[in-house]
Amino acid sequence: MSHTSVGRHRARSLITAALVVTVMAGTAGWTVAHEQQAVTGPPPGTAAWRADHSLGPGAAGRLPDPATASPAEIARFFAGLTAAQQRTLALRHPLVVGNLDGAPVALRYTANAVAIRAERAKERAADPESPLVDRYTGLLAPGRRILAFDPRGRGQVAEVYGHLTTAQRTAVLVPGSDTDLGNFDRTDHHPYGSAAGMARSLRAEMAREAPGVRTAVVVWVGYTTPLGLGPDAATGRLAKAGVPRLDRFLAGLAATAGESAQAPPAVFCHSYGSVVCGLAASGLGRAEISDLVVFGSPGVRADDAAELGPAARVWATRDSSDWVRRVTGFDFLGLGHGQDPTDPSFGARVLSADRAHGHTGYFAPGTESLRNFARIALGHFAAVHCAEGTGYDRDCRHGLA
């Protein structure tokens with residue numbers, strides 16, 4: 001980048017930051033009211049789990065600590081139990097087992113169904129008209145595979161579309177602001193705008209591209225997302241709180257991957273979710289991620305793709321009508337998320353998002369973004385279409401002078 005370009009970039013960053021500061025200062029009461037308390041730490045019910053010595057006395061019967069045991073250690077622990085012992089623990093400690101990265105996938109589905117039924121009964125007893133009653137009933141519908149469920153705060157959840165243990169190719173979707181247990185699979189907006197809608201659309205496109213390949217897509221709402229456009233969305237506080245959870249989740253998928261898996265998951269990160277992914281990426285290993293795809297991103301808290309670590313190929317895209325383009329490319333006094341990942345100087349592989357529209361239109365059928373996402377998840381890199389314009393090589397990288 002030339003000195004003139006650097007000067008223009010800095011000037012734009014300062015102007016944008018000043019505008020953001022002005023807006024926030026003028027709406028301080030609104031933004032403070034929407035500040036979110038991040039849900040962190042081990043799953044609810046951990047104290048009872050730690051106190052459980054039903055497998056025997058002493059260290060030999062001690063259950064692994066959810067706060068300190070790695071997903072690989074959790075996987076080894078469960079591999080040493082009988083099916084009856086596993087099921088007993090899931091029924092006794094459903095909120096722990098259901099959120100325990102490294103535990104058998106099918107066992108987590110069972111535990112989360114138990115936990116959701118218990119939360120529904122509790123909510124119904126407190127308020128029979130509570131919308132959460134219907135929300136929990138929906139999660140218990142036949143065929144749903146809930147891989148994580150945490151009712152604390154606004155609620156967190158992870159759902160699987162497909163069969164993780166037999167999938168040859170897997171994708172993980174990390175959504176952005178305003179996503180929680182209550183709306184991650186909403187259908188009142190256009191069907192491809194919600195987190196679950198994006199996941200369903202991606203899996204359908206993967207099937208269209210490669211009908212003979214077994215696939216799974218996981219939508220992970222495992223962190224506290226910002227609400228609205230207050231300081232939570234402009235800072236990295238909630239993203240940093242979500243990083244350990246995303247790290248453990250991906251490590252858990254690696255520890256329980258089936259023998260048919262051809263590659264680690266491709267991770268797709270939308271909007272503020274890309275901030276979480278950017279902060280987590282440098283700590284991920286090659287067994288945990290193959291590709292990192294950020295779209296509609298305000299920045300990933302890095303100056304260039306190399307800062308995201310060597311484990312993943314880094315891809316980025318943004319359609320021309322996405323409003324987020326107005327708030328990218330700055331970091332000033334803790335506000336903003338750094339360089340625009342689609343800028344040629346960042347060094348990501350820049351994808352075409354032709355025919356996508358707006359901030360949540362990337363997974364609409366017929367868009368280049370959806371086709372590209374499916375091809376990346378499948379490992380069909382030669383078929384990926386780069387961003388429009390000159391200067392991109394066959395790997396969708398921009399040749400810089």
# chains A, B, ... in the order shown; residues from 1 in each chain; ligands from 1
$ select_by_dssp --residues "segment 182-347 of chain A" --states "alpha helix (DSSP H)" --output "PyMOL selection string"
chain A and resi 195-209+231-234+237-256+272-281
$ residues_around --residues "segment 173-180 of chain A" --least-positions-apart "2" --cutoff "7 Å" --atoms "only C-alpha atoms" --output "list in words"
Arg154, Gly155, Gln156, Ala171, Gly182, Asn183, Phe184, Ala195, Ala199, Val218, Val219, Trp220, Val221, Thr225, Pro226, Leu227, Gly228, Val267, Phe268, Cys269, His270, Ser271, Tyr272 and Gly273 of chain A
$ select_by_dssp --residues "segment 2-205 of chain A" --states "strand (DSSP E)" --output "PyMOL selection string"
chain A and resi 145-150+156-162+169-174
$ residues_around --residues "segment 146-153 of chain A" --least-positions-apart "6" --cutoff "7 Å" --atoms "only C-alpha atoms" --output "ChimeraX atom specification"
/A:39,98-99,108-109,112,159-160
$ write_last_selection --atoms "all heavy atoms" --output "PDB file, in the first residue's frame"
ATOM      1  N   VAL A  39     -22.092 -14.800  29.052  1.00  0.00           N
ATOM      2  CA  VAL A  39     -22.130 -16.092  29.739  1.00  0.00           C
ATOM      3  C   VAL A  39     -20.817 -16.803  29.456  1.00  0.00           C
ATOM      4  O   VAL A  39     -20.475 -17.068  28.301  1.00  0.00           O
ATOM      5  CB  VAL A  39     -23.321 -16.939  29.241  1.00  0.00           C
ATOM      6  CG1 VAL A  39     -23.261 -18.340  29.836  1.00  0.00           C
ATOM      7  CG2 VAL A  39     -24.639 -16.263  29.589  1.00  0.00           C
ATOM      8  N   GLY A  98     -24.636 -32.446  28.060  1.00  0.00           N
ATOM      9  CA  GLY A  98     -25.102 -31.859  26.812  1.00  0.00           C
ATOM     10  C   GLY A  98     -24.211 -30.760  26.271  1.00  0.00           C
ATOM     11  O   GLY A  98     -24.240 -30.465  25.074  1.00  0.00           O
ATOM     12  N   ASN A  99     -23.427 -30.151  27.143  1.00  0.00           N
ATOM     13  CA  ASN A  99     -22.526 -29.068  26.734  1.00  0.00           C
ATOM     14  C   ASN A  99     -21.053 -29.447  26.845  1.00  0.00           C
ATOM     15  O   ASN A  99     -20.184 -28.575  26.717  1.00  0.00           O
ATOM     16  CB  ASN A  99     -22.784 -27.822  27.596  1.00  0.00           C
ATOM     17  CG  ASN A  99     -24.128 -27.193  27.329  1.00  0.00           C
ATOM     18  OD1 ASN A  99     -24.336 -26.577  26.296  1.00  0.00           O
ATOM     19  ND2 ASN A  99     -25.063 -27.364  28.257  1.00  0.00           N
ATOM     20  N   ARG A 108     -24.846 -36.448  23.738  1.00  0.00           N
ATOM     21  CA  ARG A 108     -25.161 -35.035  23.947  1.00  0.00           C
ATOM     22  C   ARG A 108     -26.572 -34.714  23.457  1.00  0.00           C
ATOM     23  O   ARG A 108     -27.291 -33.935  24.083  1.00  0.00           O
ATOM     24  CB  ARG A 108     -24.124 -34.150  23.244  1.00  0.00           C
ATOM     25  CG  ARG A 108     -22.759 -34.211  23.882  1.00  0.00           C
ATOM     26  CD  ARG A 108     -21.744 -33.349  23.163  1.00  0.00           C
ATOM     27  NE  ARG A 108     -22.035 -31.913  23.287  1.00  0.00           N
ATOM     28  CZ  ARG A 108     -21.211 -30.965  22.843  1.00  0.00           C
ATOM     29  NH1 ARG A 108     -20.076 -31.292  22.225  1.00  0.00           N
ATOM     30  NH2 ARG A 108     -21.533 -29.686  23.010  1.00  0.00           N
ATOM     31  N   TYR A 109     -26.978 -35.313  22.343  1.00  0.00           N
ATOM     32  CA  TYR A 109     -28.352 -35.114  21.882  1.00  0.00           C
ATOM     33  C   TYR A 109     -29.340 -35.571  22.952  1.00  0.00           C
ATOM     34  O   TYR A 109     -30.327 -34.880  23.249  1.00  0.00           O
ATOM     35  CB  TYR A 109     -28.617 -35.907  20.594  1.00  0.00           C
ATOM     36  CG  TYR A 109     -27.817 -35.504  19.381  1.00  0.00           C
ATOM     37  CD1 TYR A 109     -27.631 -36.406  18.333  1.00  0.00           C
ATOM     38  CD2 TYR A 109     -27.256 -34.239  19.252  1.00  0.00           C
ATOM     39  CE1 TYR A 109     -26.927 -36.059  17.185  1.00  0.00           C
ATOM     40  CE2 TYR A 109     -26.531 -33.887  18.117  1.00  0.00           C
ATOM     41  CZ  TYR A 109     -26.364 -34.797  17.096  1.00  0.00           C
ATOM     42  OH  TYR A 109     -25.651 -34.458  15.964  1.00  0.00           O
ATOM     43  N   ASN A 112     -29.291 -33.195  26.047  1.00  0.00           N
ATOM     44  CA  ASN A 112     -29.922 -31.903  25.799  1.00  0.00           C
ATOM     45  C   ASN A 112     -31.435 -32.025  25.703  1.00  0.00           C
ATOM     46  O   ASN A 112     -32.159 -31.109  26.119  1.00  0.00           O
ATOM     47  CB  ASN A 112     -29.334 -31.264  24.543  1.00  0.00           C
ATOM     48  CG  ASN A 112     -27.968 -30.669  24.816  1.00  0.00           C
ATOM     49  OD1 ASN A 112     -27.758 -30.024  25.830  1.00  0.00           O
ATOM     50  ND2 ASN A 112     -27.029 -30.894  23.909  1.00  0.00           N
ATOM     51  N   GLU A 159     -26.981 -26.521  16.925  1.00  0.00           N
ATOM     52  CA  GLU A 159     -27.811 -27.545  16.292  1.00  0.00           C
ATOM     53  C   GLU A 159     -27.098 -28.102  15.075  1.00  0.00           C
ATOM     54  O   GLU A 159     -26.429 -27.371  14.336  1.00  0.00           O
ATOM     55  CB  GLU A 159     -29.173 -26.979  15.887  1.00  0.00           C
ATOM     56  CG  GLU A 159     -30.101 -28.049  15.303  1.00  0.00           C
ATOM     57  CD  GLU A 159     -31.532 -27.585  15.144  1.00  0.00           C
ATOM     58  OE1 GLU A 159     -31.798 -26.369  15.265  1.00  0.00           O
ATOM     59  OE2 GLU A 159     -32.407 -28.447  14.908  1.00  0.00           O
ATOM     60  N   VAL A 160     -27.278 -29.398  14.852  1.00  0.00           N
ATOM     61  CA  VAL A 160     -26.631 -30.106  13.754  1.00  0.00           C
ATOM     62  C   VAL A 160     -27.662 -30.434  12.688  1.00  0.00           C
ATOM     63  O   VAL A 160     -28.755 -30.950  12.980  1.00  0.00           O
ATOM     64  CB  VAL A 160     -25.968 -31.410  14.249  1.00  0.00           C
ATOM     65  CG1 VAL A 160     -25.340 -32.165  13.082  1.00  0.00           C
ATOM     66  CG2 VAL A 160     -24.925 -31.115  15.314  1.00  0.00           C
TER      67      VAL A 160
END
$ residues_around --residues "segment 274-289 of chain A" --least-positions-apart "2" --cutoff "6 Å" --atoms "only C-alpha atoms" --output "PyMOL selection string"
chain A and resi 239+243+250-251+254+264-266+269-272+291+294+297+300+308-309+311
$ residues_around --residues "Asp322 of chain A" --least-positions-apart "6" --cutoff "7 Å" --atoms "only C-alpha atoms" --output "list in words"
Gly296, His357, Gly358 and His359 of chain A
$ closest_residue --among "A:Leu95, A:Gln85, A:Glu205, A:Gly338" --to "Gly56 of chain A" --atoms "only C-alpha atoms"
A:Gln85
$ residues_around --residues "segment 235-238 of chain A" --least-positions-apart "5" --cutoff "8 Å" --atoms "only C-alpha atoms" --output "MDAnalysis selection string"
chainID A and resid 38 223:226 275 334:337
$ write_last_selection --atoms "N, CA and C atoms" --output "PDB file, in the first residue's frame"
ATOM      1  N   ALA A  38     -21.857 -11.287  29.395  1.00  0.00           N
ATOM      2  CA  ALA A  38     -21.422 -12.513  28.713  1.00  0.00           C
ATOM      3  C   ALA A  38     -21.574 -13.732  29.613  1.00  0.00           C
ATOM      4  N   TYR A 223     -22.009 -18.176  22.144  1.00  0.00           N
ATOM      5  CA  TYR A 223     -21.480 -17.003  22.838  1.00  0.00           C
ATOM      6  C   TYR A 223     -22.584 -15.971  22.960  1.00  0.00           C
ATOM      7  N   THR A 224     -22.405 -15.017  23.844  1.00  0.00           N
ATOM      8  CA  THR A 224     -23.379 -13.947  24.023  1.00  0.00           C
ATOM      9  C   THR A 224     -23.156 -12.899  22.944  1.00  0.00           C
ATOM     10  N   THR A 225     -24.121 -12.737  22.054  1.00  0.00           N
ATOM     11  CA  THR A 225     -23.982 -11.808  20.936  1.00  0.00           C
ATOM     12  C   THR A 225     -24.439 -10.404  21.343  1.00  0.00           C
ATOM     13  N   PRO A 226     -23.949  -9.366  20.663  1.00  0.00           N
ATOM     14  CA  PRO A 226     -24.443  -8.015  20.930  1.00  0.00           C
ATOM     15  C   PRO A 226     -25.900  -7.865  20.510  1.00  0.00           C
ATOM     16  N   VAL A 275     -15.695 -11.463  14.196  1.00  0.00           N
ATOM     17  CA  VAL A 275     -14.786 -10.928  15.210  1.00  0.00           C
ATOM     18  C   VAL A 275     -14.382 -12.049  16.171  1.00  0.00           C
ATOM     19  N   GLY A 334     -10.373   1.475  21.047  1.00  0.00           N
ATOM     20  CA  GLY A 334     -11.125   0.256  21.345  1.00  0.00           C
ATOM     21  C   GLY A 334     -12.382   0.075  20.539  1.00  0.00           C
ATOM     22  N   LEU A 335     -12.757   1.074  19.731  1.00  0.00           N
ATOM     23  CA  LEU A 335     -13.941   0.967  18.887  1.00  0.00           C
ATOM     24  C   LEU A 335     -13.527   0.514  17.490  1.00  0.00           C
ATOM     25  N   GLY A 336     -14.329  -0.349  16.891  1.00  0.00           N
ATOM     26  CA  GLY A 336     -14.007  -0.860  15.563  1.00  0.00           C
ATOM     27  C   GLY A 336     -13.199  -2.138  15.646  1.00  0.00           C
ATOM     28  N   HIS A 337     -13.127  -2.823  14.523  1.00  0.00           N
ATOM     29  CA  HIS A 337     -12.526  -4.163  14.520  1.00  0.00           C
ATOM     30  C   HIS A 337     -11.372  -4.323  13.533  1.00  0.00           C
TER      31      HIS A 337
END
